[in-house]
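Asker: What follows is a structure written as structure tokens; I'll ask about it next.
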Number of protein chains: 2
Amino acid sequence: MPPASTRVPQQERSRATQTRLLEATVECLVEHGWAGTTTTVVAARAGVSRGAQLHHYPTKAALVTAAVTHLADRRAGELRAEAEALPAGPQRLDRVIDLLAAAFTGPLFVAALELWVAARTDRELREALVPLEARVGREMHRLTVALLGVDERSPGVREAVQATLDLLRGLGVANLLNDDSSRRTALLNTWKRHLTTQLAP
Amino acid sequence: MPPASTRVPQQERSRATQTRLLEATVECLVEHGWAGTTTTVVAARAGVSRGAQLHHYPTKAALVTAAVTHLADRRAGELRAEAEALPAGPQRLDRVIDLLAAAFTGPLFVAALELWVAARTDRELREALVPLEARVGREMHRLTVALLGVDERSPGVREAVQATLDLLRGLGVANLLNDDSSRRTALLNTWKRHLTTQLAP
């Protein structure tokens, strides 16, 4: 075994290579869609050799699911940090909904939607994605409960959080081809008032 | 000009050919996705010659947008007929939401979603689809108002109808890779009670 001082930089280089590949993958999905995202294009964009790429992610399905997992984890961390910076008080719920709406219209949502739709007709991708979708769904729900600072054991809270996420997913799709932001803002203003009532302790 | 008796059957044959092509297109989109839907595969599936197909729909973008328009119009007609058969009374709203939820998890929704997502990164398709998306969106809204038998001039009605359609779109996406029906049914039961209050005159 090499001494620790050599091993650690190697692991770090390896992690840095992985991160570059995963971020290039999401950028590719956003820019070129599922069909235009090839492992070759991603390796070139990340500045990583084909050999190194295949070593870390042997298939396109492995690469794209790792990419969405990586970005979902990072985005969840960012949302927590942004929500922690929010002031307490009656405006907090509104700002949390704004943060979530931004997430559901951002690059991670677009990349994930490319994968969900492609996975419908691609068995290998579907097998890799179904457990990931379940995990991301559960974590998004848990994160929303935490950001809103609500107690899921109170009646109606779980349903209100679920409906919020389903509504935001629908609004994300409505924003795919057009800037739907003014309609979305008006609709979410109504939704915020509804949620405030639903989530009142 | 040929006599009317010859012209009419020709027009009918032409319409029948178009209908077969459009229905084969939607079936292809559902089965093989956007990338797997080629004009050759569609012509073969419809039992229509390549020449006849190119005569009616010269490009893939023309074919798929005509297919989604055709199916959206047909589905709207079916929804109207199904809704007319519903009994009046307090259960009516619940049944209308059930009809709409079925539409948002059916083949038309899946085919349309394939197109919306592909159009993000395909300029020719996007140019054909953006006006269609706007039209289908407006008609779906108008149809929902009609099926629910509500008056859009009443305060809150327009927003409640919009939120319902955005929520159903989100639920449609959640159903892409998994049968999400039991979660959806529970969520929509809560939503029906909320809507009943929102839409009360």
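Residues are named by chain letter and number: chains run A, B, ... in the order of the structure tokens, numbers start at 1 in each chain, and ligands are numbered from 1 in the order shown.
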Excluding Glu127 of chain B and any residue of its chain fewer than 2 positions from it, enumerate the residues within 12 Å of it, using only C-alpha atoms, and give them as a list in words.
Answerer: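 Final neighbour list, sorted by chain and number: Leu177 and Asn178 of chain A; Ala61, Ala62, Thr65, Leu115, Trp116, Ala118, Ala119, Arg120, Thr121, Asp122, Arg123, Glu124, Leu125, Leu129, Val130, Pro131, Leu132, Glu133 and Ala134 of chain B.
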Asker: At a cut-off of 6 Å, list the chain A residues touching chain B, using only C-alpha atoms, as a list in words.
Answerer: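 Result, ordered by chain then number: His32, Thr121, Asp166, Leu167, Arg169, Gly170 and Leu171 of chain A.
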Asker: For Val161 of chain A, list every protein, DNA or RNA residue within 8 Å, evaluated using only C-alpha atoms, and leave out those in the same chain fewer than 6 positions away; present the list as a PyMOL selection string.
Answerer: chain A and resi 141+144-145
Asker: Write out, as a PDB file, in the first residue's frame, the residues just selected, with N, CA and C atoms.
Answerer:
```
ATOM      1  N   HIS A 141     -39.824  15.295  -0.051  1.00  0.00           N
ATOM      2  CA  HIS A 141     -40.947  15.442   0.882  1.00  0.00           C
ATOM      3  C   HIS A 141     -40.420  15.804   2.276  1.00  0.00           C
ATOM      4  N   THR A 144     -39.081  19.326   2.415  1.00  0.00           N
ATOM      5  CA  THR A 144     -40.143  20.339   2.410  1.00  0.00           C
ATOM      6  C   THR A 144     -40.766  20.468   3.798  1.00  0.00           C
ATOM      7  N   VAL A 145     -41.014  19.319   4.448  1.00  0.00           N
ATOM      8  CA  VAL A 145     -41.549  19.333   5.816  1.00  0.00           C
ATOM      9  C   VAL A 145     -40.601  20.111   6.728  1.00  0.00           C
TER      10      VAL A 145
END
```
